[in-house]
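input.pdb (PDB, C-alpha atoms) appears below.
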```
ATOM      1  CA  MET A   1     125.526  86.513  56.284
ATOM      2  CA  THR A   2     125.679  87.715  52.729
ATOM      3  CA  SER A   3     127.343  91.096  52.649
ATOM      4  CA  PRO A   4     127.329  93.688  49.899
ATOM      5  CA  THR A   5     130.385  93.592  47.639
ATOM      6  CA  ASN A   6     130.234  97.305  46.971
ATOM      7  CA  SER A   7     127.715 100.073  47.296
ATOM      8  CA  PRO A   8     128.438 102.851  44.840
ATOM      9  CA  THR A   9     125.419 104.853  45.892
ATOM     10  CA  PRO A  10     124.235 104.955  49.470
ATOM     11  CA  THR A  11     120.905 103.221  49.794
ATOM     12  CA  PRO A  12     118.191 105.068  51.703
ATOM     13  CA  SER A  13     119.399 105.557  55.223
ATOM     14  CA  ARG A  14     118.366 103.243  58.005
ATOM     15  CA  PRO A  15     115.444 104.733  59.923
ATOM     16  CA  SER A  16     116.009 105.745  63.530
ATOM     17  CA  ASP A  17     112.756 104.264  64.831
ATOM     18  CA  ALA A  18     113.520 100.755  66.167
ATOM     19  CA  ALA A  19     110.501  99.058  64.607
ATOM     20  CA  ASP A  20     111.113 100.675  61.207
ATOM     21  CA  ALA A  21     114.838  99.901  61.398
ATOM     22  CA  ALA A  22     114.207  96.204  62.058
ATOM     23  CA  LEU A  23     111.826  96.010  59.108
ATOM     24  CA  PHE A  24     114.327  97.924  56.957
ATOM     25  CA  ASP A  25     117.038  95.413  57.946
ATOM     26  CA  ALA A  26     114.714  92.510  57.185
ATOM     27  CA  VAL A  27     114.087  93.862  53.678
ATOM     28  CA  ALA A  28     117.848  94.213  53.158
ATOM     29  CA  SER A  29     118.200  90.619  54.342
ATOM     30  CA  GLU A  30     115.499  89.479  51.903
ATOM     31  CA  HIS A  31     117.344  91.214  49.038
ATOM     32  CA  ALA A  32     120.439  89.192  49.911
ATOM     33  CA  VAL A  33     118.499  85.942  50.309
ATOM     34  CA  ILE A  34     116.782  86.351  46.944
ATOM     35  CA  TYR A  35     120.171  86.982  45.342
ATOM     36  CA  GLY A  36     121.580  83.944  47.139
ATOM     37  CA  TYR A  37     118.741  81.719  45.971
ATOM     38  CA  GLY A  38     119.821  82.481  42.407
ATOM     39  CA  LEU A  39     123.090  80.786  43.252
ATOM     40  CA  VAL A  40     121.306  77.969  45.073
ATOM     41  CA  SER A  41     119.086  77.457  42.048
ATOM     42  CA  ALA A  42     122.089  77.336  39.698
ATOM     43  CA  HIS A  43     123.804  74.617  41.721
ATOM     44  CA  SER A  44     120.829  72.499  42.814
ATOM     45  CA  THR A  45     119.816  69.190  41.318
ATOM     46  CA  PRO A  46     116.382  68.901  39.683
ATOM     47  CA  ASP A  47     114.884  67.138  42.700
ATOM     48  CA  ALA A  48     115.376  70.360  44.672
ATOM     49  CA  ASN A  49     113.511  72.418  42.039
ATOM     50  CA  ASP A  50     110.247  72.576  43.950
ATOM     51  CA  LEU A  51     111.956  73.570  47.154
ATOM     52  CA  VAL A  52     114.044  76.249  45.419
ATOM     53  CA  SER A  53     111.115  77.775  43.578
ATOM     54  CA  THR A  54     108.770  77.677  46.560
ATOM     55  CA  ALA A  55     111.371  79.261  48.829
ATOM     56  CA  MET A  56     112.255  81.923  46.312
ATOM     57  CA  ALA A  57     108.592  82.792  45.733
ATOM     58  CA  GLU A  58     108.061  83.031  49.482
ATOM     59  CA  HIS A  59     110.985  85.393  49.955
ATOM     60  CA  ARG A  60     109.962  87.531  46.990
ATOM     61  CA  ALA A  61     106.390  87.860  48.234
ATOM     62  CA  ARG A  62     107.584  88.629  51.735
ATOM     63  CA  ARG A  63     110.012  91.273  50.503
ATOM     64  CA  GLU A  64     107.263  93.015  48.524
ATOM     65  CA  GLN A  65     104.891  92.930  51.497
ATOM     66  CA  ALA A  66     107.586  94.260  53.807
ATOM     67  CA  ILE A  67     108.421  97.067  51.380
ATOM     68  CA  ALA A  68     104.731  97.949  51.242
ATOM     69  CA  ARG A  69     104.673  98.111  55.038
ATOM     70  CA  LEU A  70     107.634 100.478  55.044
ATOM     71  CA  ALA A  71     106.049 102.606  52.318
ATOM     72  CA  ALA A  72     102.865 102.880  54.375
ATOM     73  CA  ARG A  73     104.980 104.597  57.030
ATOM     74  CA  ASN A  74     106.786 106.816  54.534
ATOM     75  CA  VAL A  75     110.034 104.932  55.042
ATOM     76  CA  ALA A  76     112.169 104.431  51.937
ATOM     77  CA  PRO A  77     113.144 100.756  51.644
ATOM     78  CA  PRO A  78     116.756  99.659  51.199
ATOM     79  CA  LEU A  79     117.797  98.989  47.610
ATOM     80  CA  PRO A  80     119.323  95.698  46.587
ATOM     81  CA  ASP A  81     123.110  95.746  46.345
ATOM     82  CA  PRO A  82     124.697  95.006  42.976
ATOM     83  CA  GLY A  83     126.280  91.867  44.378
ATOM     84  CA  TYR A  84     126.657  89.956  47.615
ATOM     85  CA  GLN A  85     129.519  88.044  49.158
ATOM     86  CA  MET A  86     128.197  84.613  50.100
ATOM     87  CA  PRO A  87     129.177  83.191  53.487
ATOM     88  CA  ILE A  88     130.302  79.923  51.895
ATOM     89  CA  VAL A  89     131.680  78.943  48.512
ATOM     90  CA  VAL A  90     128.949  77.262  46.503
ATOM     91  CA  ASP A  91     130.231  74.715  44.051
ATOM     92  CA  SER A  92     127.910  71.726  44.394
ATOM     93  CA  PRO A  93     124.296  70.799  45.188
ATOM     94  CA  ALA A  94     125.383  70.064  48.774
ATOM     95  CA  ASP A  95     126.947  73.530  49.094
ATOM     96  CA  ALA A  96     123.797  75.031  47.625
ATOM     97  CA  ALA A  97     121.623  73.320  50.215
ATOM     98  CA  LYS A  98     123.973  74.421  52.999
ATOM     99  CA  LEU A  99     123.802  78.008  51.796
ATOM    100  CA  ALA A 100     120.008  77.757  51.723
ATOM    101  CA  VAL A 101     119.936  76.509  55.329
ATOM    102  CA  ARG A 102     122.218  79.347  56.367
ATOM    103  CA  MET A 103     120.116  81.961  54.570
ATOM    104  CA  GLU A 104     116.884  80.696  56.109
ATOM    105  CA  GLU A 105     118.480  80.759  59.548
ATOM    106  CA  ASP A 106     119.654  84.340  59.011
ATOM    107  CA  SER A 107     116.232  85.244  57.721
ATOM    108  CA  ALA A 108     114.644  83.833  60.869
ATOM    109  CA  VAL A 109     116.953  86.021  62.974
ATOM    110  CA  ALA A 110     115.976  89.106  60.977
ATOM    111  CA  TRP A 111     112.256  88.403  61.346
ATOM    112  CA  ARG A 112     112.499  87.638  65.029
ATOM    113  CA  ALA A 113     114.120  91.072  65.421
ATOM    114  CA  VAL A 114     111.165  92.605  63.586
ATOM    115  CA  LEU A 115     108.813  90.680  65.866
ATOM    116  CA  GLU A 116     110.528  91.937  69.037
ATOM    117  CA  ARG A 117     110.617  95.565  67.946
ATOM    118  CA  ALA A 118     107.210  95.793  66.261
ATOM    119  CA  THR A 119     104.628  98.008  67.893
ATOM    120  CA  THR A 120     101.457  96.701  66.269
ATOM    121  CA  THR A 121      99.684  93.376  66.389
ATOM    122  CA  GLU A 122      99.567  93.272  62.590
ATOM    123  CA  ASP A 123     103.307  93.733  62.192
ATOM    124  CA  ARG A 124     103.948  91.061  64.776
ATOM    125  CA  ALA A 125     101.600  88.630  63.043
ATOM    126  CA  PHE A 126     103.392  89.323  59.765
ATOM    127  CA  ALA A 127     106.784  88.732  61.413
ATOM    128  CA  VAL A 128     105.624  85.478  63.054
ATOM    129  CA  THR A 129     104.491  84.183  59.662
ATOM    130  CA  ALA A 130     107.843  85.123  58.123
ATOM    131  CA  LEU A 131     109.751  83.548  61.003
ATOM    132  CA  THR A 132     107.684  80.380  60.685
ATOM    133  CA  GLU A 133     108.142  80.128  56.920
ATOM    134  CA  SER A 134     111.900  80.460  57.333
ATOM    135  CA  ALA A 135     111.934  77.819  60.081
ATOM    136  CA  VAL A 136     109.920  75.382  57.966
ATOM    137  CA  THR A 137     112.027  76.001  54.849
ATOM    138  CA  ALA A 138     115.271  75.686  56.833
ATOM    139  CA  ALA A 139     114.054  72.320  58.139
ATOM    140  CA  LYS A 140     113.239  71.177  54.585
ATOM    141  CA  TRP A 141     116.749  72.098  53.459
ATOM    142  CA  ARG A 142     118.282  70.324  56.441
ATOM    143  CA  ALA A 143     116.300  67.254  55.433
ATOM    144  CA  ALA A 144     117.637  67.670  51.885
ATOM    145  CA  VAL A 145     121.208  67.895  53.177
ATOM    146  CA  GLY A 146     120.629  64.924  55.465
ATOM    147  CA  THR A 147     121.174  66.888  58.668
ATOM    148  CA  GLN A 148     119.520  65.314  61.708
ATOM    149  CA  PRO A 149     117.547  66.536  63.464
ATOM    150  CA  THR A 150     115.965  68.732  60.832
ATOM    151  CA  THR A 151     114.498  71.126  63.353
ATOM    152  CA  VAL A 152     115.801  73.477  66.036
ATOM    153  CA  ALA A 153     114.082  74.508  69.256
ATOM    154  CA  PHE A 154     114.353  78.284  68.779
ATOM    155  CA  PRO A 155     114.412  79.382  65.137
ATOM    156  CA  GLY A 156     115.796  82.906  64.942
ATOM    157  CA  GLY A 157     116.564  82.903  68.671
ATOM    158  CA  SER A 158     119.580  82.350  70.844
ATOM    159  CA  GLU A 159     117.851  80.647  73.788
TER     160      GLU A 159
ATOM    161  CA  MET B   1     112.323  48.377  55.458
ATOM    162  CA  GLU B   2     111.452  46.247  58.435
ATOM    163  CA  TRP B   3     110.615  47.911  61.692
ATOM    164  CA  GLN B   4     111.465  46.196  64.884
ATOM    165  CA  ASP B   5     108.734  46.383  67.385
ATOM    166  CA  VAL B   6     110.944  47.407  70.260
ATOM    167  CA  ALA B   7     110.008  49.896  72.890
ATOM    168  CA  VAL B   8     112.196  52.963  72.725
ATOM    169  CA  PRO B   9     113.025  54.314  76.140
ATOM    170  CA  SER B  10     111.782  57.801  76.743
ATOM    171  CA  PRO B  11     114.558  60.255  77.573
ATOM    172  CA  LEU B  12     112.251  62.089  79.907
ATOM    173  CA  PRO B  13     110.367  60.805  82.901
ATOM    174  CA  PRO B  14     106.603  61.007  82.465
ATOM    175  CA  VAL B  15     106.229  63.601  85.177
ATOM    176  CA  SER B  16     109.359  65.060  86.610
ATOM    177  CA  ARG B  17     109.938  66.946  89.777
ATOM    178  CA  ARG B  18     110.777  69.886  87.554
ATOM    179  CA  ARG B  19     107.275  69.869  86.150
ATOM    180  CA  VAL B  20     105.843  70.137  89.608
ATOM    181  CA  LEU B  21     108.213  72.973  90.445
ATOM    182  CA  LEU B  22     107.457  74.818  87.256
ATOM    183  CA  GLY B  23     103.775  74.379  87.802
ATOM    184  CA  ALA B  24     104.170  75.630  91.352
ATOM    185  CA  ALA B  25     106.142  78.654  90.216
ATOM    186  CA  ALA B  26     103.463  79.478  87.701
ATOM    187  CA  MET B  27     100.727  79.078  90.277
ATOM    188  CA  ALA B  28     102.628  81.200  92.762
ATOM    189  CA  LEU B  29     103.037  83.858  90.149
ATOM    190  CA  LEU B  30      99.372  83.855  89.316
ATOM    191  CA  GLY B  31      98.342  83.885  92.932
ATOM    192  CA  THR B  32     100.693  86.673  93.857
ATOM    193  CA  ALA B  33      99.848  88.729  90.862
ATOM    194  CA  ALA B  34      96.271  88.636  92.056
ATOM    195  CA  THR B  35      96.953  89.499  95.678
ATOM    196  CA  ALA B  36     100.038  91.722  95.707
ATOM    197  CA  CYS B  37      98.110  94.945  95.372
ATOM    198  CA  GLY B  38      95.232  93.830  97.518
ATOM    199  CA  LYS B  39      92.955  93.494  94.537
ATOM    200  CA  PRO B  40      92.958  91.281  91.500
ATOM    201  CA  THR B  41      95.429  92.596  88.965
ATOM    202  CA  PRO B  42      94.898  91.113  85.546
ATOM    203  CA  ARG B  43      98.206  90.137  84.034
ATOM    204  CA  PRO B  44      97.370  88.793  80.606
ATOM    205  CA  GLU B  45     101.048  88.419  79.733
ATOM    206  CA  VAL B  46     101.467  86.021  82.652
ATOM    207  CA  ASP B  47      98.380  84.051  81.649
ATOM    208  CA  ALA B  48      99.639  83.840  78.079
ATOM    209  CA  LEU B  49     103.021  82.479  79.096
ATOM    210  CA  VAL B  50     101.544  80.062  81.618
ATOM    211  CA  ALA B  51      99.195  78.735  78.931
ATOM    212  CA  GLN B  52     102.133  78.181  76.579
ATOM    213  CA  LEU B  53     104.143  76.592  79.378
ATOM    214  CA  GLU B  54     101.344  74.112  79.990
ATOM    215  CA  ARG B  55     101.146  73.301  76.298
ATOM    216  CA  ALA B  56     104.905  72.790  76.127
ATOM    217  CA  HIS B  57     104.726  70.332  79.000
ATOM    218  CA  SER B  58     101.812  68.406  77.596
ATOM    219  CA  ASP B  59     103.383  68.217  74.103
ATOM    220  CA  ASN B  60     106.619  67.046  75.689
ATOM    221  CA  GLN B  61     104.824  64.202  77.439
ATOM    222  CA  LEU B  62     102.688  63.342  74.440
ATOM    223  CA  ALA B  63     105.692  63.159  72.093
ATOM    224  CA  ALA B  64     107.726  61.138  74.596
ATOM    225  CA  ALA B  65     104.824  58.702  75.032
ATOM    226  CA  ALA B  66     104.311  58.427  71.271
ATOM    227  CA  ALA B  67     108.034  57.738  70.791
ATOM    228  CA  ILE B  68     107.773  54.591  72.909
ATOM    229  CA  ALA B  69     105.403  52.904  70.488
ATOM    230  CA  ALA B  70     106.767  54.348  67.240
ATOM    231  CA  PRO B  71     109.169  52.714  64.771
ATOM    232  CA  PRO B  72     112.795  53.780  65.356
ATOM    233  CA  GLN B  73     113.086  56.520  62.772
ATOM    234  CA  ILE B  74     109.866  58.217  63.796
ATOM    235  CA  ALA B  75     110.739  57.626  67.432
ATOM    236  CA  ALA B  76     113.942  59.622  66.967
ATOM    237  CA  THR B  77     111.956  62.550  65.561
ATOM    238  CA  LEU B  78     109.362  62.319  68.321
ATOM    239  CA  THR B  79     112.168  62.313  70.870
ATOM    240  CA  THR B  80     113.550  65.471  69.253
ATOM    241  CA  VAL B  81     110.095  67.036  69.448
ATOM    242  CA  ALA B  82     109.881  66.095  73.122
ATOM    243  CA  ALA B  83     113.289  67.673  73.785
ATOM    244  CA  GLU B  84     112.379  70.857  71.892
ATOM    245  CA  ARG B  85     109.136  71.222  73.810
ATOM    246  CA  ALA B  86     111.075  70.673  77.059
ATOM    247  CA  ALA B  87     113.453  73.475  75.983
ATOM    248  CA  HIS B  88     110.426  75.686  75.300
ATOM    249  CA  ALA B  89     109.059  74.945  78.762
ATOM    250  CA  GLN B  90     112.419  75.880  80.253
ATOM    251  CA  ALA B  91     112.638  79.174  78.354
ATOM    252  CA  LEU B  92     109.049  80.072  79.245
ATOM    253  CA  SER B  93     109.619  79.260  82.880
ATOM    254  CA  ASP B  94     112.814  81.349  82.877
ATOM    255  CA  GLU B  95     110.873  84.276  81.473
ATOM    256  CA  LEU B  96     108.082  83.792  84.027
ATOM    257  CA  THR B  97     110.734  83.808  86.755
ATOM    258  CA  ARG B  98     112.126  87.079  85.411
ATOM    259  CA  MET B  99     108.624  88.517  85.478
ATOM    260  CA  VAL B 100     108.241  87.385  89.086
ATOM    261  CA  ASP B 101     111.572  88.918  90.056
ATOM    262  CA  SER B 102     110.654  92.206  88.491
ATOM    263  CA  THR B 103     107.435  92.552  90.451
ATOM    264  CA  ALA B 104     107.430  94.017  93.926
ATOM    265  CA  TRP B 105     106.684  91.097  96.114
ATOM    266  CA  THR B 106     108.741  89.284  98.644
ATOM    267  CA  THR B 107     108.235  85.556  98.359
ATOM    268  CA  PRO B 108     110.517  84.107  95.734
ATOM    269  CA  ALA B 109     108.999  81.426  93.607
ATOM    270  CA  SER B 110     111.636  78.973  94.790
ATOM    271  CA  ALA B 111     110.502  79.334  98.389
ATOM    272  CA  VAL B 112     106.924  78.753  97.437
ATOM    273  CA  SER B 113     107.648  75.784  95.268
ATOM    274  CA  SER B 114     109.939  74.139  97.812
ATOM    275  CA  SER B 115     107.117  74.167 100.302
ATOM    276  CA  LEU B 116     104.970  72.140  98.007
ATOM    277  CA  PRO B 117     104.986  68.385  98.016
ATOM    278  CA  THR B 118     107.456  67.000  95.557
ATOM    279  CA  THR B 119     105.813  63.648  95.152
ATOM    280  CA  THR B 120     104.371  63.212  91.751
ATOM    281  CA  THR B 121     101.425  61.191  90.733
ATOM    282  CA  THR B 122     101.579  59.621  87.354
ATOM    283  CA  SER B 123      98.415  58.277  85.982
ATOM    284  CA  GLY B 124      98.975  54.811  84.621
ATOM    285  CA  PRO B 125     100.002  54.371  81.027
ATOM    286  CA  PRO B 126      97.177  55.217  78.684
ATOM    287  CA  PRO B 127      95.381  52.229  77.215
ATOM    288  CA  LYS B 128      96.678  53.123  73.788
ATOM    289  CA  PRO B 129      99.888  55.093  73.178
ATOM    290  CA  PRO B 130      99.454  58.374  71.326
ATOM    291  CA  SER B 131     100.158  58.244  67.616
ATOM    292  CA  GLN B 132     102.363  60.394  65.447
ATOM    293  CA  MET B 133      99.238  62.136  64.180
ATOM    294  CA  ASP B 134      98.130  62.924  67.741
ATOM    295  CA  VAL B 135     101.436  64.729  68.168
ATOM    296  CA  VAL B 136     101.000  66.531  64.840
ATOM    297  CA  ALA B 137      97.552  67.736  65.923
ATOM    298  CA  ALA B 138      98.856  68.924  69.295
ATOM    299  CA  LEU B 139     101.812  70.743  67.746
ATOM    300  CA  LYS B 140      99.547  72.429  65.229
ATOM    301  CA  GLN B 141      97.396  73.745  68.043
ATOM    302  CA  SER B 142     100.478  74.855  69.976
ATOM    303  CA  ALA B 143     101.928  76.616  66.934
ATOM    304  CA  ASP B 144      98.669  78.517  66.387
ATOM    305  CA  GLY B 145      98.318  79.446  70.049
ATOM    306  CA  ALA B 146     101.902  80.654  70.369
ATOM    307  CA  ALA B 147     101.603  82.667  67.147
ATOM    308  CA  GLN B 148      98.487  84.413  68.431
ATOM    309  CA  SER B 149     100.136  85.153  71.766
ATOM    310  CA  ALA B 150     103.266  86.438  70.027
ATOM    311  CA  ALA B 151     101.186  88.982  68.124
ATOM    312  CA  GLN B 152      99.604  90.206  71.369
ATOM    313  CA  GLU B 153     102.823  90.425  73.373
ATOM    314  CA  SER B 154     105.800  92.693  72.779
ATOM    315  CA  GLY B 155     109.568  92.728  73.025
ATOM    316  CA  TYR B 156     111.398  89.605  74.103
ATOM    317  CA  ARG B 157     108.211  87.745  75.014
ATOM    318  CA  ALA B 158     106.835  88.246  71.515
ATOM    319  CA  GLY B 159     110.111  86.989  70.050
ATOM    320  CA  LEU B 160     110.250  83.951  72.286
ATOM    321  CA  LEU B 161     106.648  82.982  71.536
ATOM    322  CA  GLY B 162     107.285  83.511  67.816
ATOM    323  CA  SER B 163     110.290  81.192  67.842
ATOM    324  CA  ILE B 164     108.279  78.613  69.771
ATOM    325  CA  SER B 165     105.454  78.822  67.245
ATOM    326  CA  ALA B 166     107.927  78.482  64.362
ATOM    327  CA  ALA B 167     109.582  75.481  66.010
ATOM    328  CA  CYS B 168     106.238  73.723  66.518
ATOM    329  CA  ALA B 169     105.294  74.366  62.878
ATOM    330  CA  ALA B 170     108.625  73.068  61.538
ATOM    331  CA  ALA B 171     108.337  70.018  63.794
ATOM    332  CA  TYR B 172     104.920  68.954  62.576
ATOM    333  CA  VAL B 173     105.345  69.934  58.935
ATOM    334  CA  VAL B 174     108.875  68.706  58.260
ATOM    335  CA  GLY B 175     109.726  66.449  61.183
ATOM    336  CA  LEU B 176     106.429  64.588  61.330
ATOM    337  CA  GLY B 177     105.045  65.176  57.852
ATOM    338  CA  GLY B 178     101.830  66.918  58.846
ATOM    339  CA  GLU B 179      99.869  69.194  56.561
ATOM    340  CA  GLN B 180     100.572  72.871  56.884
ATOM    341  CA  ASP B 181      97.552  75.072  56.725
ATOM    342  CA  SER B 182      97.655  78.715  55.688
TER     343      SER B 182
END
```

Any chance you could put this one into structure tokens?
Amino acid sequence: MTSPTNSPTPTPSRPSDAADAALFDAVASEHAVIYGYGLVSAHSTPDANDLVSTAMAEHRARREQAIARLAARNVAPPLPDPGYQMPIVVDSPADAAKLAVRMEEDSAVAWRAVLERATTTEDRAFAVTALTESAVTAAKWRAAVGTQPTTVAFPGGSE
Amino acid sequence: MEWQDVAVPSPLPPVSRRRVLLGAAAMALLGTAATACGKPTPRPEVDALVAQLERAHSDNQLAAAAAIAAPPQIAATLTTVAAERAAHAQALSDELTRMVDSTAWTTPASAVSSSLPTTTTTSGPPPKPPSQMDVVAALKQSADGAAQSAAQESGYRAGLLGSISAACAAAYVVGLGGEQDS
């Protein structure tokens, strides 16, 4: 999805433990999504305001909670990159909604990875909530774009 | 907008042969899990998947039945829900089959299921078709159940159950306009 444009300083290194690494990746993904929602917000029409602000608040809260989970294990979280290359050019409200769908789909993939690699019930419950929020928000954006159906059978999965 | 009161054909038969086979495979798995070692071996991960498989089947049938009586636009969504729940049933049954294959026992599920009668009994159509809100309520329950199971499982099974839970939630909240709790 969104990739860093440049990283002058190396961010904290990716942990070797699989569960920590997945959570680390998910935080990096949330950094990119929050950046991307700035662009979505700039190009959306007022009727998408509620959706933009709700989604952004959700991702922000989730990022902070995920960082706290990493900190509890003495894992340094990834830092946000100074900029991100978006997967599509955003130049209209329709582009903005498409980017939002794409970001929520990528987010679902990241959280499913956390879910599969987690070793505690609590972490899994957290990941399921994140996966679900992304699936619901993706469906809302698909509805906004006019994509039918608005839902997919396996959010974050490749079944 | 004016809705035409036309029955929408269900894309899925009420009870398919597949359902019987899946049910048989699940039963075989449960039975064998209990007898393979000569004593009952609790396999909570099997029970969890079988429970979700049953829910996927019943949601599939409920949504397909509700689609028949619903106005066209809602019917299309209910048909999507039915198809998604059928896909969930398939994925769960595939995973159950993998679990069967990985256990040390000799009778493949296919052999067991093929020995079972393939005739299906469909109870007559219910007096009143299920409503959109019946489907919402069922999906909500399925989403909660799958989420709880996902937290208890690990690896691929946790991921699969999580995606299923997320799909059920998106279907009732966005597709069918239900209220999201939590």

- Within 12 Å of (109.8, 82.4, 59.4), only C-alpha atoms: residues as a VMD selection string? (chain A and resid 26 30 55 58 to 59 62 103 to 115 124 to 139 154 to 157) or (chain B and resid 147 159 162 to 170)

- Task: List, as an MDAnalysis selection string, every residue that the PyMOL selection byres ((chain B) within 9 of (chain A)) selects in the file provided.
- Result: chainID B and resid 76:77 80:81 83:85 87:88 91 147:148 150:171 173:175

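Residue nearest Met86 in chain A, chosen from A:Asp17, A:Gly146, A:Ala100, A:Thr54 and counting only C-alpha atoms: A:Ala100.
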
- Task: Work out how far apart CA of Asp81 in chain A and CA of Arg69 in chain A are and give it in Å to one decimal.
- Result: 20.5 Å

- I would like the residues chosen by the PyMOL selection byres ((chain A and resi 28) around 9) on the shown file; could you give them as an MDAnalysis selection string? chainID A and resid 23:27 29:33 63 77:81

- Message: My list of candidates is A:Ala48, A:Leu39, A:Ala97, A:Ala19. Which is closest to Gly83 in chain A when distances are computed with all atoms listed in the file?
- Response: A:Leu39

- How many Å separate CA of Ala51 in chain B from CA of Val100 in chain B? 16.1 Å
